[in-house]
>>> print(open('coords24.txt').read())   # compact mmCIF, C-alpha atoms
# COMPACT_ATOMS: atom_id res chain seq x y z
CA MET A 1 0.00 0.00 0.00
CA SER A 2 1.59 3.22 -1.09
CA ASN A 3 1.46 6.22 1.14
CA PRO A 4 -0.06 9.26 -0.59
CA ALA A 5 2.32 11.46 1.31
CA ASP A 6 5.29 9.55 -0.07
CA GLU A 7 3.93 9.87 -3.58
CA ARG A 8 3.44 13.56 -3.07
CA SER A 9 6.93 13.98 -1.71
CA ALA A 10 8.31 12.04 -4.68
CA ARG A 11 6.60 14.46 -7.02
CA GLN A 12 7.94 17.35 -5.02
CA PRO A 13 10.63 19.19 -6.96
CA ARG A 14 14.06 19.11 -5.44
CA LEU A 15 16.01 22.25 -4.95
CA VAL A 16 19.23 22.06 -6.88
CA ALA A 17 22.30 23.41 -5.24
CA MET A 18 23.63 26.33 -7.17
CA SER A 19 27.09 27.70 -7.30
CA SER A 20 26.37 31.20 -6.05
CA CYS A 21 23.53 32.26 -3.84
CA SER A 22 24.19 35.91 -3.24
CA THR A 23 21.01 37.84 -3.62
CA VAL A 24 20.20 41.42 -4.36
CA PHE A 25 16.71 42.44 -3.40
CA ALA A 26 15.38 45.09 -5.69
CA GLY A 27 11.82 45.02 -4.44
CA TRP A 28 9.26 42.68 -3.06
CA MET A 29 7.16 40.83 -5.63
CA GLU A 30 8.44 42.90 -8.54
CA ILE A 31 9.29 39.69 -10.34
CA SER A 32 6.32 37.46 -10.98
CA ALA A 33 6.12 34.33 -8.89
CA GLY A 34 5.41 32.39 -12.06
CA SER A 35 9.07 32.53 -12.99
CA VAL A 36 9.92 30.09 -10.20
CA MET A 37 6.84 27.87 -10.52
CA ASN A 38 6.62 24.82 -12.70
CA THR A 39 3.68 23.76 -14.85
CA MET A 40 2.12 21.90 -11.89
CA GLY A 41 2.02 25.14 -9.94
CA GLN A 42 4.75 24.01 -7.59
CA LEU A 43 7.94 25.79 -6.71
CA GLU A 44 10.72 25.16 -9.20
CA PRO A 45 13.89 25.45 -7.13
CA ALA A 46 16.16 25.15 -10.13
CA ALA A 47 14.75 28.44 -11.37
CA ILE A 48 15.85 30.29 -8.28
CA ASP A 49 18.77 32.56 -8.96
CA GLU A 50 20.12 35.84 -7.74
CA THR A 51 17.41 37.98 -9.26
CA ASN A 52 14.25 36.14 -8.28
CA VAL A 53 14.81 35.00 -4.73
CA GLU A 54 12.14 37.41 -3.55
CA ALA A 55 9.74 35.86 -6.03
CA ALA A 56 10.72 32.44 -4.73
CA ILE A 57 9.94 33.44 -1.15
CA ALA A 58 6.64 34.92 -2.29
CA ALA A 59 5.86 31.65 -3.99
CA LEU A 60 6.75 29.79 -0.80
CA VAL A 61 4.28 31.99 1.08
CA ASP A 62 1.51 31.30 -1.41
CA GLU A 63 2.27 27.61 -1.49
CA TYR A 64 2.88 26.69 2.13
CA ALA A 65 1.54 29.40 4.42
CA GLY A 66 -1.66 27.43 4.98
CA THR A 67 0.19 24.23 5.84
CA LEU A 68 2.50 26.06 8.19
CA TYR A 69 -0.45 27.74 9.86
CA ARG A 70 -2.14 24.40 10.44
CA VAL A 71 1.02 22.89 11.90
CA ALA A 72 1.43 25.87 14.19
CA TYR A 73 -2.22 25.86 15.18
CA SER A 74 -2.25 22.15 16.00
CA VAL A 75 0.40 22.80 18.66
CA LEU A 76 -0.43 26.31 19.86
CA ARG A 77 -4.23 26.06 19.44
CA ASN A 78 -4.45 29.80 19.17
CA THR A 79 -5.18 31.66 15.93
CA ALA A 80 -3.07 34.76 16.61
CA ASP A 81 -0.10 32.79 17.94
CA ALA A 82 -0.20 30.43 14.97
CA GLU A 83 -0.25 33.36 12.55
CA ASP A 84 2.64 35.00 14.35
CA ALA A 85 4.55 31.75 14.13
CA VAL A 86 3.98 31.59 10.38
CA GLN A 87 5.18 35.17 9.94
CA GLU A 88 8.25 34.49 12.05
CA THR A 89 8.97 31.42 9.94
CA TYR A 90 9.03 33.44 6.74
CA LEU A 91 11.12 36.12 8.38
CA ARG A 92 13.66 33.43 9.23
CA VAL A 93 13.55 32.30 5.61
CA LEU A 94 14.20 35.89 4.54
CA ARG A 95 17.13 36.12 6.92
CA HIS A 96 18.63 32.93 5.52
CA ARG A 97 17.72 33.62 1.91
CA ASP A 98 21.30 32.96 0.79
CA SER A 99 20.85 29.26 1.54
CA LEU A 100 17.46 29.07 -0.15
CA CYS A 101 18.81 27.51 -3.32
CA GLU A 102 20.45 24.71 -1.36
CA ILE A 103 17.16 23.45 0.04
CA ARG A 104 16.10 20.13 -1.40
CA ASP A 105 12.56 19.93 -0.07
CA PRO A 106 11.15 23.36 0.79
CA ARG A 107 7.97 21.95 2.33
CA VAL A 108 9.76 19.82 4.93
CA TRP A 109 12.29 22.61 5.47
CA LEU A 110 9.54 25.14 6.16
CA VAL A 111 7.58 22.77 8.40
CA ARG A 112 10.75 22.12 10.34
CA ILE A 113 11.31 25.86 10.79
CA VAL A 114 7.75 26.50 11.89
CA TRP A 115 7.96 23.51 14.22
CA ASN A 116 11.02 25.00 15.91
CA VAL A 117 9.36 28.40 16.09
CA VAL A 118 6.28 26.86 17.66
CA LEU A 119 8.28 24.90 20.22
CA ASP A 120 10.24 28.05 21.09
CA ARG A 121 7.04 29.97 21.62
CA LYS A 122 5.54 27.18 23.66
CA ARG A 123 8.64 27.00 25.83
CA ARG A 124 8.65 30.76 26.38
CA ALA A 125 4.94 30.88 27.22
CA LYS A 126 5.04 27.85 29.47
CA THR A 127 3.11 29.52 32.22
CA ARG A 128 0.30 30.53 29.90
CA PRO A 129 -2.26 27.86 29.06
CA GLU A 130 -2.27 26.74 25.44
CA THR A 131 -5.92 27.48 25.11
CA ASP A 132 -8.49 28.86 27.49
CA ASP A 133 -10.72 25.89 27.02
CA VAL A 134 -10.20 22.73 25.03
CA ALA A 135 -13.93 22.64 24.58
CA ASP A 136 -13.74 25.86 22.54
CA LEU A 137 -11.46 24.14 20.08
CA ALA A 138 -13.66 21.06 20.09
CA ARG A 139 -16.62 23.23 19.14
CA LEU A 140 -14.63 24.63 16.22
CA LEU A 141 -14.22 21.20 14.68
CA PRO A 142 -16.59 20.46 11.82
CA ALA A 143 -19.77 18.61 12.74
CA MET A 144 -21.88 18.65 9.66
CA ASP A 145 -25.10 16.66 9.27
CA LEU A 146 -25.40 16.28 13.02
CA SER A 147 -28.26 17.19 15.27
CA ALA A 148 -27.78 19.64 18.10
CA GLU A 149 -27.43 16.84 20.64
CA GLU A 150 -24.95 15.02 18.47
CA ARG A 151 -22.92 18.18 18.08
CA VAL A 152 -22.70 18.56 21.83
CA ALA A 153 -21.66 14.92 22.18
CA SER A 154 -19.14 15.36 19.38
CA ALA A 155 -17.63 18.40 21.05
CA GLN A 156 -17.38 16.53 24.36
CA TYR A 157 -15.70 13.61 22.66
CA HIS A 158 -13.16 15.84 20.88
CA ALA A 159 -12.45 17.69 24.10
CA ALA A 160 -11.78 14.40 25.90
CA VAL A 161 -9.42 13.31 23.15
CA LEU A 162 -7.55 16.62 23.14
CA ARG A 163 -7.15 16.50 26.92
CA ALA A 164 -5.79 12.97 26.63
CA VAL A 165 -3.34 14.10 23.94
CA ASP A 166 -2.19 16.92 26.22
CA GLN A 167 -1.36 14.35 28.89
CA LEU A 168 0.95 12.37 26.61
CA PRO A 169 4.72 12.68 27.02
CA ALA A 170 6.17 15.43 24.82
CA LYS A 171 7.96 13.18 22.33
CA GLU A 172 4.99 10.92 21.75
CA GLN A 173 2.65 13.88 21.62
CA ARG A 174 4.71 15.57 18.90
CA VAL A 175 4.85 12.49 16.74
CA LEU A 176 1.10 11.97 17.11
CA ILE A 177 0.34 15.59 16.21
CA LEU A 178 2.55 15.51 13.12
CA SER A 179 1.20 12.15 12.03
CA ALA A 180 -2.23 13.71 11.85
CA PHE A 181 -1.05 15.72 8.84
CA GLU A 182 -1.79 13.56 5.84
CA GLU A 183 0.73 15.35 3.70
CA LEU A 184 3.60 14.32 5.97
CA SER A 185 5.09 10.87 5.63
CA SER A 186 6.90 9.14 8.48
CA VAL A 187 10.23 9.89 6.78
CA GLU A 188 9.36 13.57 6.64
CA ILE A 189 8.20 13.55 10.25
CA ALA A 190 11.56 12.02 11.14
CA GLN A 191 13.32 14.81 9.21
CA ILE A 192 11.26 17.47 10.97
CA LEU A 193 11.91 16.01 14.42
CA GLY A 194 15.53 15.23 13.64
CA THR A 195 15.22 11.51 14.36
CA THR A 196 15.03 8.28 12.40
CA GLU A 197 11.96 6.80 10.81
CA SER A 198 12.07 3.76 13.10
CA THR A 199 12.08 6.05 16.12
CA VAL A 200 9.05 7.86 14.74
CA ARG A 201 7.23 4.58 14.23
CA SER A 202 8.02 3.30 17.72
CA ARG A 203 6.99 6.60 19.28
CA LEU A 204 3.76 6.56 17.32
CA PHE A 205 3.04 3.03 18.51
CA ARG A 206 3.74 4.04 22.11
CA ALA A 207 1.62 7.17 21.72
CA ARG A 208 -1.35 5.18 20.47
CA ASN A 209 -1.07 2.74 23.38
CA LEU A 210 -0.80 5.55 25.90
CA LEU A 211 -3.71 7.38 24.30
CA SER A 212 -5.82 4.25 24.46
CA ALA A 213 -4.99 3.82 28.14
CA LEU A 214 -5.75 7.44 28.89
CA LEU A 215 -9.05 7.34 27.05
CA SER A 216 -10.14 4.13 28.78
CA HIS A 217 -9.19 5.68 32.10
CA SER A 218 -11.25 8.79 31.38
CA ARG A 219 -14.16 6.53 30.34
CA SER A 220 -13.95 4.56 33.59
CA VAL A 221 -13.85 7.78 35.60
CA ARG A 222 -17.03 8.92 33.87
CA MET B 1 -15.46 11.79 8.79
CA ASN B 2 -18.12 12.18 11.39
CA HIS B 3 -18.42 9.64 14.07
CA ASN B 4 -21.24 8.22 16.13
CA PHE B 5 -20.25 10.18 19.20
CA GLU B 6 -23.24 9.35 21.34
CA ASN B 7 -22.33 5.68 21.32
CA SER B 8 -18.58 6.17 21.06
CA ASP B 9 -16.68 4.01 23.47
CA LEU B 10 -13.33 5.54 24.34
CA ALA B 11 -12.08 2.23 25.71
CA THR B 12 -12.47 0.22 22.51
CA PRO B 13 -9.36 -0.90 20.60
CA GLU B 14 -10.32 1.52 17.83
CA ALA B 15 -10.35 4.40 20.28
CA PRO B 16 -6.82 5.66 19.46
CA LEU B 17 -7.61 5.63 15.75
CA ALA B 18 -10.82 7.50 16.40
CA ALA B 19 -8.89 9.90 18.57
CA GLU B 20 -6.43 10.46 15.77
CA GLN B 21 -9.41 11.39 13.67
CA THR B 22 -9.91 14.31 16.03
CA LEU B 23 -6.30 15.34 15.56
CA ARG B 24 -6.72 15.07 11.81
CA MET B 25 -9.73 17.35 12.02
CA VAL B 26 -7.69 19.87 14.01
CA ALA B 27 -4.88 19.59 11.45
CA ALA B 28 -7.34 20.18 8.64
CA LEU B 29 -8.81 23.38 10.07
CA PRO B 30 -8.51 26.05 7.40
CA ALA B 31 -6.15 28.96 7.71
CA PRO B 32 -7.78 32.32 8.33
CA ASN B 33 -8.63 34.50 5.38
CA GLY B 34 -5.98 36.95 4.32
CA LEU B 35 -3.13 35.06 5.96
CA ASN B 36 -1.02 35.14 2.82
CA ASP B 37 -1.56 38.87 2.38
CA ARG B 38 -0.55 39.56 5.96
CA VAL B 39 2.57 37.46 5.59
CA HIS B 40 3.43 39.24 2.34
CA ARG B 41 2.96 42.61 4.02
CA ARG B 42 5.12 41.60 6.97
CA LEU B 43 7.83 40.40 4.61
CA HIS B 44 7.59 43.62 2.64
CA ASP B 45 8.14 45.62 5.84
CA ALA B 46 11.04 43.38 6.76
CA MET B 47 12.51 43.94 3.30
CA ASP B 48 12.30 47.70 3.74
CA GLU B 49 14.06 47.41 7.08
CA LEU B 50 16.74 45.25 5.49
CA GLU B 51 17.23 47.75 2.69
CA THR B 52 17.61 50.68 5.06
CA ALA B 53 19.96 48.63 7.17
CA GLY B 54 21.84 47.71 3.99
CA THR B 55 22.28 51.32 2.93
CA ARG B 56 23.39 52.23 6.43
CA ARG B 57 25.85 49.36 6.36
CA SER B 58 27.12 50.42 2.93
CA PHE B 59 27.75 53.94 4.26
CA TRP B 60 29.64 52.61 7.21
CA SER B 61 31.53 50.23 4.97
CA LEU B 62 33.30 53.34 3.60
CA TRP B 63 34.54 53.96 7.09
CA ARG B 64 35.97 50.51 7.44
CA PRO B 65 39.31 51.02 5.61
CA VAL B 66 39.90 54.19 7.60
CA GLN B 67 39.09 52.28 10.74
CA ARG B 68 41.58 49.61 9.81
CA LEU B 69 44.21 52.29 9.22
CA GLN B 70 43.39 53.78 12.59
CA PHE B 71 43.85 50.43 14.23
CA ALA B 72 47.12 49.90 12.40
CA GLY B 73 48.34 53.35 13.48
CA ALA B 74 47.35 52.70 17.05
CA ALA B 75 49.17 49.38 16.96
CA VAL B 76 52.34 51.04 15.60
CA LEU B 77 52.14 53.68 18.31
CA CYS B 78 51.74 51.04 20.99
CA ILE B 79 54.69 49.09 19.67
CA ALA B 80 56.84 52.23 19.49
CA LEU B 81 55.87 53.21 23.01
CA ALA B 82 56.61 49.76 24.34
CA GLY B 83 59.94 49.66 22.51
CA SER B 84 61.03 53.05 23.79
CA ALA B 85 59.98 52.17 27.32
CA TRP B 86 61.94 48.96 27.10
CA SER B 87 65.01 50.71 25.73
CA VAL B 88 64.87 53.36 28.47
CA TYR B 89 64.56 50.68 31.11
CA HIS B 90 67.33 48.66 29.50
CA ASN B 91 69.76 51.67 29.41
CA ARG B 92 69.02 52.57 33.00
CA SER B 93 69.62 49.05 34.19
CA ALA B 94 72.90 48.90 32.22
CA ALA B 95 74.04 52.16 33.80
CA SER B 96 73.12 50.98 37.26
CA ASN B 97 75.13 47.82 36.63
CA ALA B 98 78.17 49.81 35.44
CA VAL B 99 78.43 52.16 38.47
CA PRO B 100 78.95 49.44 41.12
CA VAL B 101 81.81 47.97 39.07
CA SER B 102 83.74 51.25 39.09
CA THR B 103 83.12 51.75 42.79
CA LYS B 104 84.18 48.22 43.48
CA THR B 105 87.57 48.76 41.92
CA SER B 106 88.21 51.91 43.93
CA ALA B 107 86.56 50.70 47.07
CA PRO B 108 89.66 49.36 48.94
CA THR B 109 91.51 52.64 48.51
CA ALA B 110 88.78 55.26 48.53
CA GLN B 111 86.31 53.93 50.97
CA PRO B 112 87.35 53.43 54.59
CA ALA B 113 86.45 50.20 56.26
CA PRO B 114 83.29 50.29 58.22
CA ALA B 115 83.69 51.05 61.91
CA SER B 116 82.15 47.84 63.03
CA THR B 117 84.89 45.62 61.50
CA PHE B 118 88.42 45.02 62.94
CA HIS B 119 91.53 45.76 60.93
CA SER B 120 95.29 45.57 61.45
CA ALA B 121 95.98 49.28 61.06
CA GLY B 122 99.17 48.45 59.14
CA ALA B 123 100.81 46.32 61.89
CA GLU B 124 102.52 43.04 60.91
CA ARG B 125 102.83 40.13 63.23
CA VAL B 126 106.36 38.73 63.64
CA PRO B 127 106.72 35.18 64.92
CA PRO B 128 108.84 35.09 68.17
CA SER B 129 110.92 32.09 66.89
CA LEU B 130 112.70 34.29 64.39
CA ALA B 131 115.61 36.40 65.68
CA PRO B 132 114.99 39.88 64.76
CA ILE B 133 117.41 41.18 62.26
CA LYS B 134 119.06 44.25 63.59
CA VAL B 135 119.67 46.65 60.92
CA PRO B 136 122.11 49.44 61.88
CA PRO B 137 120.58 52.71 61.52
CA ALA B 138 121.61 54.63 58.57
CA SER B 139 124.04 57.48 59.07
CA ARG B 140 122.46 60.73 59.17
CA LYS B 141 125.46 62.46 57.73
CA LYS B 142 125.46 63.27 54.13
CA PRO B 143 128.48 61.51 52.54
CA SER B 144 131.24 63.82 51.38
CA PRO B 145 132.21 63.85 47.72
CA SER B 146 135.66 62.29 48.49
CA HIS B 147 134.07 59.50 50.43
CA ALA B 148 131.74 58.84 47.62
CA ALA B 149 134.62 58.78 45.18
CA ARG B 150 136.50 56.31 47.37
CA HIS B 151 133.56 54.04 47.42
CA THR B 152 133.28 54.12 43.70
CA SER B 153 137.06 53.63 43.05
CA LYS B 154 137.43 50.70 45.49
CA PRO B 155 136.39 48.00 43.08
CA ALA B 156 138.87 49.28 40.50
CA ALA B 157 141.81 48.99 42.99
CA GLY B 158 140.71 45.47 43.90
CA GLU B 159 140.76 44.55 40.29
CA ALA B 160 144.36 45.86 39.97
CA GLN B 161 145.48 43.81 42.96
CA ALA B 162 143.91 40.71 41.50
CA THR B 163 145.66 41.11 38.18
CA SER B 164 149.05 41.79 39.91
CA SER B 165 148.87 38.59 41.99
CA VAL B 166 148.33 36.45 38.93
CA PRO B 167 151.66 35.00 37.75
>>> encode(input="coords24.txt", output="structure tokens")
Amino acid sequence: MSNPADERSARQPRLVAMSSCSTVFAGWMEISAGSVMNTMGQLEPAAIDETNVEAAIAALVDEYAGTLYRVAYSVLRNTADAEDAVQETYLRVLRHRDSLCEIRDPRVWLVRIVWNVVLDRKRRAKTRPETDDVADLARLLPAMDLSAEERVASAQYHAAVLRAVDQLPAKEQRVLILSAFEELSSVEIAQILGTTESTVRSRLFRARNLLSALLSHSRSVR
Amino acid sequence: MNHNFENSDLATPEAPLAAEQTLRMVAALPAPNGLNDRVHRRLHDAMDELETAGTRRSFWSLWRPVQRLQFAGAAVLCIALAGSAWSVYHNRSAASNAVPVSTKTSAPTAQPAPASTFHSAGAERVPPSLAPIKVPPASRKKPSPSHAARHTSKPAAGEAQATSSVP
């Protein structure tokens, strides 16, 4: 069974290392982003050169800002914080624009940056709760074609799950959160977390077991 | 995607998978409208800041060679100062070394012995086993010229006697 994420990552264009990466920024978005996009609408890293780095970053914003926001939101669970994290990610990209043409997989690279930004923010704001109420987030989750009672039950269920996820150890929790993103394969999750694929798999297995235990415990308490 | 939540049993073996469904739903929540525009705007502002910082840096880059020259000049001055200080110290120490040598050579004659030490005051000890040699005091009279002549002619007369006695 082939993983759709793997297929997608195989289709992903690879950034080709170029000899010189010095950039001169004449103006933001003056060069059309189409010059660095391929026919599939994806970023063409080979087209990045000295003159169109700004267009390349603009293309990265258009392409991956949504993904980065979702990654940030799944950890921070706060709209404003997640948006700040995305902006900080692109500012870091701008700061390290000279190494942009050496990046092989911009998606994984960006997710890794936003992941580090998010963890930094979480560490700094340790005293502040991630969200005022998990139930608020649970109510945000889609519940179409459900009656009012079912929606309430759905929200309660999601809240219980999110509380159980919060109780997981940090490493297992991170793997579980990232595995929820369908576009990320286990290899990519390993790259983002800076570990091996086997470690990711074992952590995911442990996380599922722990989550099951936590959920059964919460059920028995009820 | 939806789930029968009223009858959902969190303790079933499928519970973790169902729970992951919740996480997937969280991960699939859409980004807010206008996110891309806000990011573009923020990057544009950052670019402006970088440009102004770049021009400021380029202005100061003109100052850099002068600064290097200043540092080089300061280093030369420091080295010169240190060298001159060392040479002054070295000359002074050489002079201070030379003065004691000259005093040492003249010390026995020029400098009197310290009062605390004993000295012979010119006296020489004569062992009692030796008989003192009595030297007759020299005549105080000034020898007359005839006497002096006799003394000088005496060896010549002796020589004559010796030659006469030889057969």
>>> interface_residues(input="coords24.txt", of="chain A", to="chain B", cutoff="8 Å", atoms="all atoms listed in the file", output="PyMOL selection string")
chain A and resi 27-28+58+61-62+65-66+69-71+73-74+83+86-87+90-91+94+141-144+150+153-154+157-158+161-162+176-177+180-182+208-209+211-213+215-217+219
>>> residues_around(input="coords24.txt", residues="Thr199 in chain A", least_positions_apart="6", cutoff="12 Å", atoms="all atoms listed in the file", output="PDB file with C-alpha atoms, in the coordinates of the input")
ATOM      1  CA  LYS A 171       7.960  13.180  22.330  1.00  0.00           C
ATOM      2  CA  GLU A 172       4.990  10.920  21.750  1.00  0.00           C
ATOM      3  CA  VAL A 175       4.850  12.490  16.740  1.00  0.00           C
ATOM      4  CA  SER A 186       6.900   9.140   8.480  1.00  0.00           C
ATOM      5  CA  VAL A 187      10.230   9.890   6.780  1.00  0.00           C
ATOM      6  CA  ILE A 189       8.200  13.550  10.250  1.00  0.00           C
ATOM      7  CA  ALA A 190      11.560  12.020  11.140  1.00  0.00           C
ATOM      8  CA  GLN A 191      13.320  14.810   9.210  1.00  0.00           C
ATOM      9  CA  LEU A 193      11.910  16.010  14.420  1.00  0.00           C
ATOM     10  CA  PHE A 205       3.040   3.030  18.510  1.00  0.00           C
ATOM     11  CA  ARG A 206       3.740   4.040  22.110  1.00  0.00           C
ATOM     12  CA  ALA A 207       1.620   7.170  21.720  1.00  0.00           C
TER      13      ALA A 207
END
>>> residues_around(input="coords24.txt", residues="range 111-122 of chain A", least_positions_apart="6", cutoff="7 Å", atoms="only C-alpha atoms", output="PyMOL selection string")
chain A and resi 68+72+85-86+89+192
>>> residues_around(input="coords24.txt", residues="Val93 in chain A", least_positions_apart="4", cutoff="9 Å", atoms="only C-alpha atoms", output="ChimeraX atom specification")
/A:57,88-89,97,99-100,110,113
>>> atom_distance(input="coords24.txt", atom1="CA of Arg77 in chain A", atom2="CA of Asp166 in chain A")
11.6 Å
>>> atom_distance(input="coords24.txt", atom1="CA of Pro106 in chain A", atom2="CA of Ala59 in chain A")
10.9 Å
>>> atom_distance(input="coords24.txt", atom1="CA of Arg95 in chain A", atom2="CA of Thr52 in chain B")
14.7 Å
>>> axis_aligned_box(input="coords24.txt", around="range 106-115 of chain A", padding_each_side="8 Å", output="JSON")
{"center_x": 9.9, "center_y": 23.2, "center_z": 7.5, "size_x": 20.7, "size_y": 22.7, "size_z": 29.4}
>>> closest_residue(input="coords24.txt", among="A:Arg123, A:Asp98, A:Leu204, A:Glu197", to="Leu178 in chain A", atoms="only C-alpha atoms")
A:Leu204
>>> decode(input="coords24.txt", residues="range 167-209 of chain A", atoms="C-alpha atoms", output="PDB file, in the first residue's frame")
ATOM      1  CA  GLN A 167      -1.359  14.352  28.889  1.00  0.00           C
ATOM      2  CA  LEU A 168       0.945  12.366  26.607  1.00  0.00           C
ATOM      3  CA  PRO A 169       4.724  12.682  27.019  1.00  0.00           C
ATOM      4  CA  ALA A 170       6.165  15.426  24.823  1.00  0.00           C
ATOM      5  CA  LYS A 171       7.958  13.184  22.332  1.00  0.00           C
ATOM      6  CA  GLU A 172       4.992  10.918  21.751  1.00  0.00           C
ATOM      7  CA  GLN A 173       2.646  13.876  21.617  1.00  0.00           C
ATOM      8  CA  ARG A 174       4.714  15.566  18.898  1.00  0.00           C
ATOM      9  CA  VAL A 175       4.845  12.489  16.736  1.00  0.00           C
ATOM     10  CA  LEU A 176       1.105  11.971  17.114  1.00  0.00           C
ATOM     11  CA  ILE A 177       0.336  15.585  16.211  1.00  0.00           C
ATOM     12  CA  LEU A 178       2.548  15.505  13.124  1.00  0.00           C
ATOM     13  CA  SER A 179       1.198  12.146  12.030  1.00  0.00           C
ATOM     14  CA  ALA A 180      -2.228  13.713  11.847  1.00  0.00           C
ATOM     15  CA  PHE A 181      -1.051  15.718   8.837  1.00  0.00           C
ATOM     16  CA  GLU A 182      -1.791  13.559   5.838  1.00  0.00           C
ATOM     17  CA  GLU A 183       0.728  15.352   3.695  1.00  0.00           C
ATOM     18  CA  LEU A 184       3.602  14.324   5.968  1.00  0.00           C
ATOM     19  CA  SER A 185       5.094  10.866   5.632  1.00  0.00           C
ATOM     20  CA  SER A 186       6.905   9.136   8.480  1.00  0.00           C
ATOM     21  CA  VAL A 187      10.233   9.893   6.780  1.00  0.00           C
ATOM     22  CA  GLU A 188       9.358  13.568   6.643  1.00  0.00           C
ATOM     23  CA  ILE A 189       8.198  13.551  10.255  1.00  0.00           C
ATOM     24  CA  ALA A 190      11.562  12.024  11.144  1.00  0.00           C
ATOM     25  CA  GLN A 191      13.317  14.806   9.211  1.00  0.00           C
ATOM     26  CA  ILE A 192      11.264  17.466  10.970  1.00  0.00           C
ATOM     27  CA  LEU A 193      11.907  16.010  14.415  1.00  0.00           C
ATOM     28  CA  GLY A 194      15.532  15.232  13.644  1.00  0.00           C
ATOM     29  CA  THR A 195      15.219  11.507  14.361  1.00  0.00           C
ATOM     30  CA  THR A 196      15.031   8.285  12.403  1.00  0.00           C
ATOM     31  CA  GLU A 197      11.959   6.804  10.811  1.00  0.00           C
ATOM     32  CA  SER A 198      12.066   3.758  13.103  1.00  0.00           C
ATOM     33  CA  THR A 199      12.078   6.055  16.122  1.00  0.00           C
ATOM     34  CA  VAL A 200       9.052   7.861  14.739  1.00  0.00           C
ATOM     35  CA  ARG A 201       7.226   4.584  14.234  1.00  0.00           C
ATOM     36  CA  SER A 202       8.021   3.300  17.720  1.00  0.00           C
ATOM     37  CA  ARG A 203       6.990   6.604  19.284  1.00  0.00           C
ATOM     38  CA  LEU A 204       3.763   6.565  17.322  1.00  0.00           C
ATOM     39  CA  PHE A 205       3.045   3.033  18.507  1.00  0.00           C
ATOM     40  CA  ARG A 206       3.736   4.042  22.111  1.00  0.00           C
ATOM     41  CA  ALA A 207       1.617   7.174  21.721  1.00  0.00           C
ATOM     42  CA  ARG A 208      -1.350   5.177  20.473  1.00  0.00           C
ATOM     43  CA  ASN A 209      -1.073   2.740  23.382  1.00  0.00           C
TER      44      ASN A 209
END
